[in-house]
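Peer 1: Right, I'll just put the structure down here and ask away after.
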Amino acid sequence: MANGLDDVVAAETVLSDVDGLGGRLTIRGHSLPELAGRWSYPQVVRLLLDGFFEDLPGDAELAVKLGEARVEVFDRLLPSLPLLASLEIYSAMRAGMAMLPDGETLADALRLIAAPAVLTPALLRLQRGEQPIAPDGKADHAADMLRMLKSSVPSPALAKALDTYLVTVCDHGLNASTFATRVVASTLAGLTSSVLAGLGALKGPLHGGAPGPVIEMLDAIEAHGDAAGWLRDEIAHGRRIMGFGHRIYRVRDPRADVLKAVVRQLGSEGETGRRLAFAEKVEQTALEVLRIAKPQRSLQTNVEFYTALVLEAAGFPPHAFSNVFAAGRVSGWIAHAREQQTTGRLIRPQSRYVGPVPDLVA
């Protein structure tokens with residue numbers, strides 16, 4: 001039996017391949033470096049959805065439709081935003097998305113892709129005592145998300161940084177949230193039901209909930225003043241070092257290098273530059289400490305480490321990092337849901353009973 005389903009092939013997919021030994025991520029025939037920073041998020045959305053919706057338009061029209069979906073989601077959910085804002089930010093986003101129609105059309109899919117980008121800024125503003133800002137349906141997707149957050153048009157560099165992040169996390173093999181999405185989709189439930197399953201799995205600290213604590217770790221190390229000492233103490237107390245190690249990768253996570261380059265492109269000066277320089281020192285120290293403390297394991301830098309710096313530079317608070325992760329990953333979930341429904345069957349694995357056996361009556 002494979003504990004945790006390690007090495008069990010549960011689906012055949014055309015969507016993405018994670019090469020854990022080689023440190024490569026392939027998305028529909030393209031390497032991550034081919035896409036990140038070169039393709040816009042709406043273009044990658046179209047790439048993922050290609051073949052799963054008969055009315056899927058070209059790149060330019062899809063970007064327009066995604067903008068229209070942002071406007072529609074905002075108008076539809078605006079009356080509910082004050083009540084949603086009383087919840088924790090991730091739960092609020094999930095509850096808002098649960099209010100969307102549970103259909104199977106391209107329009108349903110685009111609403112779900114638009115929803116985290118609309119809900120997250122609106123809810124953050126309400127929780128700060130500010131009014132939500134309506135989407136600009138003609139703006140680029142990532143730029144509009146930042147405009148709704150900050151009430152001003154972001155710099156091209158910052159908009160591109162967020163866009164690159166969304167592309168980088170759009171899909172990643174059969175991870176926990178994607179598998180949960182496919183399980184629900186295999187029952188022929190609607191796309192909203194399937195995406196809600198993915199959202200539930202992504203919330204966990206062993207999955208999408210990890211980038212936020214990276215900021216807490218960096219702040220704690222900076223206050224402590226001795227990175228190696230702080231890290232060794234954490235390991236001695238059995239605590240995880242956030243941003244290092246991955247269930248699949250046995251080498252450096254290729255997404256970490258993409259996002260590190262994104263932070264560097266935002267500027268080598270000012271607070272972002274200072275933060276990057278400090279993070280790089282912590283990274284090198286952590287890799288050495290982990291190598292000595294856990295020589296039997298390959299604990300390399302993962303996507304969470306530099307995700308934290310990108311999203312911090314973009315202006316998102318750490319407690320909303322998982323929301324932004326979902327804003328990128330939802331397109332992959334929808335593609336997997338449609339793939340499961342069109343090419344798969346009901347997912348129904350077996351279990352082995354190891355509990356007590358009742359006495360048999362003679």
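Naming works like this for the structure tokens: A, B, ... for the chains as they're shown, residue 1 at the start of each chain, ligands 1 onward in shown order.
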Which residues are near A:Val71? Cut-off 8 Å, only C-alpha atoms, ignore same chain within fewer than 5 positions. Put them as a list of chain:residue names.

Peer 2: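 Contacts, with the query itself left out: A:Ala134, A:Pro135, A:Asp136, A:Gly137.
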
Peer 1: Please return as a PyMOL selection string: the residues of stretch 72-224 of chain A that backbone DSSP assigns to helix (DSSP H, G or I).

Peer 2: chain A and resi 72-84+89-98+106-127+141-150+156-168+176-185+191-202+211-224

Peer 1: Quick one: everything within 6 Å of stretch 21-25 of chain A, counting only C-alpha atoms, minus sequence neighbours fewer than 2 positions away in the same chain. Send it as a PyMOL selection string.

Peer 2: chain A and resi 17-19+31-32+250-251+253-254

Peer 1: Put those residues in a file: N, CA, C and O atoms, as a PDB file, in the first residue's frame.

Peer 2:
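Saved file out_14.pdb follows:
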```
ATOM      1  N   ASP A  17       3.136  18.488 -16.142  1.00  0.00           N
ATOM      2  CA  ASP A  17       3.995  17.400 -15.690  1.00  0.00           C
ATOM      3  C   ASP A  17       5.057  17.978 -14.756  1.00  0.00           C
ATOM      4  O   ASP A  17       5.718  18.966 -15.093  1.00  0.00           O
ATOM      5  N   VAL A  18       5.192  17.367 -13.590  1.00  0.00           N
ATOM      6  CA  VAL A  18       6.176  17.797 -12.598  1.00  0.00           C
ATOM      7  C   VAL A  18       7.298  16.774 -12.566  1.00  0.00           C
ATOM      8  O   VAL A  18       7.082  15.624 -12.175  1.00  0.00           O
ATOM      9  N   ASP A  19       8.476  17.168 -13.000  1.00  0.00           N
ATOM     10  CA  ASP A  19       9.654  16.304 -12.979  1.00  0.00           C
ATOM     11  C   ASP A  19      10.418  16.601 -11.689  1.00  0.00           C
ATOM     12  O   ASP A  19      11.192  17.559 -11.618  1.00  0.00           O
ATOM     13  N   SER A  31       7.681  24.597 -21.232  1.00  0.00           N
ATOM     14  CA  SER A  31       8.381  24.670 -19.959  1.00  0.00           C
ATOM     15  C   SER A  31       7.956  25.934 -19.226  1.00  0.00           C
ATOM     16  O   SER A  31       7.541  26.922 -19.852  1.00  0.00           O
ATOM     17  N   LEU A  32       8.070  25.912 -17.902  1.00  0.00           N
ATOM     18  CA  LEU A  32       7.703  27.101 -17.131  1.00  0.00           C
ATOM     19  C   LEU A  32       8.466  28.350 -17.596  1.00  0.00           C
ATOM     20  O   LEU A  32       7.846  29.409 -17.764  1.00  0.00           O
ATOM     21  N   ARG A 250      13.022  16.815  -5.674  1.00  0.00           N
ATOM     22  CA  ARG A 250      14.203  16.413  -4.903  1.00  0.00           C
ATOM     23  C   ARG A 250      15.378  17.343  -5.203  1.00  0.00           C
ATOM     24  O   ARG A 250      16.477  17.149  -4.709  1.00  0.00           O
ATOM     25  N   VAL A 251      15.105  18.321  -6.040  1.00  0.00           N
ATOM     26  CA  VAL A 251      16.061  19.382  -6.349  1.00  0.00           C
ATOM     27  C   VAL A 251      15.318  20.701  -6.156  1.00  0.00           C
ATOM     28  O   VAL A 251      14.175  20.729  -5.727  1.00  0.00           O
ATOM     29  N   ASP A 253      13.038  23.753  -6.547  1.00  0.00           N
ATOM     30  CA  ASP A 253      11.757  23.999  -7.211  1.00  0.00           C
ATOM     31  C   ASP A 253      11.980  25.031  -8.323  1.00  0.00           C
ATOM     32  O   ASP A 253      12.427  26.148  -8.051  1.00  0.00           O
ATOM     33  N   PRO A 254      11.692  24.691  -9.589  1.00  0.00           N
ATOM     34  CA  PRO A 254      11.946  25.641 -10.684  1.00  0.00           C
ATOM     35  C   PRO A 254      11.135  26.925 -10.538  1.00  0.00           C
ATOM     36  O   PRO A 254      11.531  27.979 -11.042  1.00  0.00           O
TER      37      PRO A 254
END
```

Peer 1: Pick out the residues sitting within 9 Å of stretch 157-166 of chain A, and hand them over as a PyMOL selection string; count only C-alpha atoms, and ignore anything fewer than 4 positions along from it in its own chain.

Peer 2: chain A and resi 35-41+140-146+170+258-259+262-263+265-266+307+310-311+313-314+324-329

Peer 1: Point out the residue among A:Asp75, A:Asp7, A:Asp226, A:Glu234 with the least atom-to-atom distance to A:Val118, counting only C-alpha atoms.

Peer 2: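 Under the stated criterion, the closest residue is A:Asp75.
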
Peer 1: Which is closest to A:Glu271 among A:Ser351, A:Val195, A:Glu312, A:Leu188, if we use only C-alpha atoms?

Peer 2: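 Distance minimum relative to A:Glu271 lands on A:Glu312.
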
Peer 1: Which is closest to A:Ala122 among A:Val9, A:Met99, A:Ile248, A:Leu81, if we use only C-alpha atoms?

Peer 2: A:Leu81

Peer 1: Which residues, written as a list in words, have at least one atom at most 8 Å from stretch 53-65 of chain A, with only C-alpha atoms counted and residues fewer than 2 positions away on the same chain left out?

Peer 2: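 Those residues are Pro42, Gln43, Arg46, Leu49, Asp50, Gly51, Gly67, Glu68, Ala69, Thr105, Leu106, Leu110, Gly137, Lys138, Asp140 and His141 of chain A.
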
Peer 1: Mind dumping the selected residues with N, CA, C and O atoms as an mmCIF file, in the first residue's frame?

Peer 2:
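New file part-v4.cif:
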```cif
data_model
loop_
_atom_site.group_PDB
_atom_site.id
_atom_site.type_symbol
_atom_site.label_atom_id
_atom_site.label_comp_id
_atom_site.auth_asym_id
_atom_site.auth_seq_id
_atom_site.Cartn_x
_atom_site.Cartn_y
_atom_site.Cartn_z
ATOM 1 N N PRO A 42 -4.104 35.621 -18.895
ATOM 2 C CA PRO A 42 -5.229 35.195 -19.754
ATOM 3 C C PRO A 42 -4.803 34.285 -20.902
ATOM 4 O O PRO A 42 -5.555 33.374 -21.280
ATOM 5 N N GLN A 43 -3.619 34.495 -21.449
ATOM 6 C CA GLN A 43 -3.143 33.591 -22.502
ATOM 7 C C GLN A 43 -2.942 32.182 -21.963
ATOM 8 O O GLN A 43 -3.254 31.194 -22.640
ATOM 9 N N ARG A 46 -6.225 30.440 -21.488
ATOM 10 C CA ARG A 46 -6.715 29.861 -22.733
ATOM 11 C C ARG A 46 -5.972 28.573 -23.067
ATOM 12 O O ARG A 46 -6.568 27.597 -23.532
ATOM 13 N N LEU A 49 -7.424 25.802 -20.928
ATOM 14 C CA LEU A 49 -8.816 25.441 -21.225
ATOM 15 C C LEU A 49 -9.027 24.929 -22.641
ATOM 16 O O LEU A 49 -10.110 24.455 -22.969
ATOM 17 N N ASP A 50 -7.998 25.019 -23.469
ATOM 18 C CA ASP A 50 -8.126 24.624 -24.872
ATOM 19 C C ASP A 50 -8.566 23.165 -24.986
ATOM 20 O O ASP A 50 -7.968 22.268 -24.391
ATOM 21 N N GLY A 51 -9.637 22.955 -25.740
ATOM 22 C CA GLY A 51 -10.151 21.604 -25.956
ATOM 23 C C GLY A 51 -11.230 21.184 -24.989
ATOM 24 O O GLY A 51 -11.861 20.137 -25.181
ATOM 25 N N GLY A 67 -12.348 40.050 -18.480
ATOM 26 C CA GLY A 67 -12.633 41.363 -17.909
ATOM 27 C C GLY A 67 -14.117 41.542 -17.639
ATOM 28 O O GLY A 67 -14.521 42.071 -16.592
ATOM 29 N N GLU A 68 -14.947 41.099 -18.565
ATOM 30 C CA GLU A 68 -16.397 41.179 -18.369
ATOM 31 C C GLU A 68 -16.827 40.316 -17.191
ATOM 32 O O GLU A 68 -17.735 40.693 -16.430
ATOM 33 N N ALA A 69 -16.158 39.171 -17.018
ATOM 34 C CA ALA A 69 -16.495 38.291 -15.896
ATOM 35 C C ALA A 69 -16.146 38.955 -14.561
ATOM 36 O O ALA A 69 -16.881 38.798 -13.571
ATOM 37 N N THR A 105 -20.413 25.786 -18.162
ATOM 38 C CA THR A 105 -20.138 26.552 -19.365
ATOM 39 C C THR A 105 -18.852 27.354 -19.226
ATOM 40 O O THR A 105 -18.298 27.509 -18.134
ATOM 41 N N LEU A 106 -18.407 27.907 -20.362
ATOM 42 C CA LEU A 106 -17.241 28.786 -20.326
ATOM 43 C C LEU A 106 -17.517 30.009 -19.467
ATOM 44 O O LEU A 106 -16.629 30.463 -18.726
ATOM 45 N N LEU A 110 -15.172 31.266 -16.405
ATOM 46 C CA LEU A 110 -14.534 32.588 -16.343
ATOM 47 C C LEU A 110 -14.957 33.349 -15.093
ATOM 48 O O LEU A 110 -14.152 34.102 -14.522
ATOM 49 N N GLY A 137 -13.191 46.449 -16.597
ATOM 50 C CA GLY A 137 -13.255 45.296 -17.480
ATOM 51 C C GLY A 137 -12.298 45.357 -18.656
ATOM 52 O O GLY A 137 -12.031 44.332 -19.281
ATOM 53 N N LYS A 138 -11.763 46.534 -18.955
ATOM 54 C CA LYS A 138 -10.851 46.675 -20.085
ATOM 55 C C LYS A 138 -9.385 46.581 -19.669
ATOM 56 O O LYS A 138 -8.501 46.582 -20.531
ATOM 57 N N ASP A 140 -5.883 44.904 -17.945
ATOM 58 C CA ASP A 140 -5.270 43.584 -17.845
ATOM 59 C C ASP A 140 -5.645 42.963 -16.502
ATOM 60 O O ASP A 140 -5.829 43.669 -15.503
ATOM 61 N N HIS A 141 -5.720 41.647 -16.468
ATOM 62 C CA HIS A 141 -6.249 40.950 -15.300
ATOM 63 C C HIS A 141 -5.439 41.252 -14.032
ATOM 64 O O HIS A 141 -6.005 41.679 -13.012
#
```

Peer 1: Which residue gives the smallest distance to A:Leu119 among A:Ala320, A:Met242, A:Leu15, A:Ala180, with only C-alpha atoms counted?

Peer 2: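 Distance minimum relative to A:Leu119 lands on A:Ala320.
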
Peer 1: Given the choices A:Val73, A:Met148, A:Leu47, A:Val354, which gets closest to A:Ile27 if the distance is worked out from only C-alpha atoms?

Peer 2: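 For A:Ile27, the nearest of the given residues is A:Leu47.
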
Peer 1: Looking at A:Glu283, A:Glu288, A:Asp219, A:Asp257, which one is nearest to A:Pro318, with distances taken over only C-alpha atoms?

Peer 2: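 Closest to A:Pro318 of all the choices is A:Asp219.
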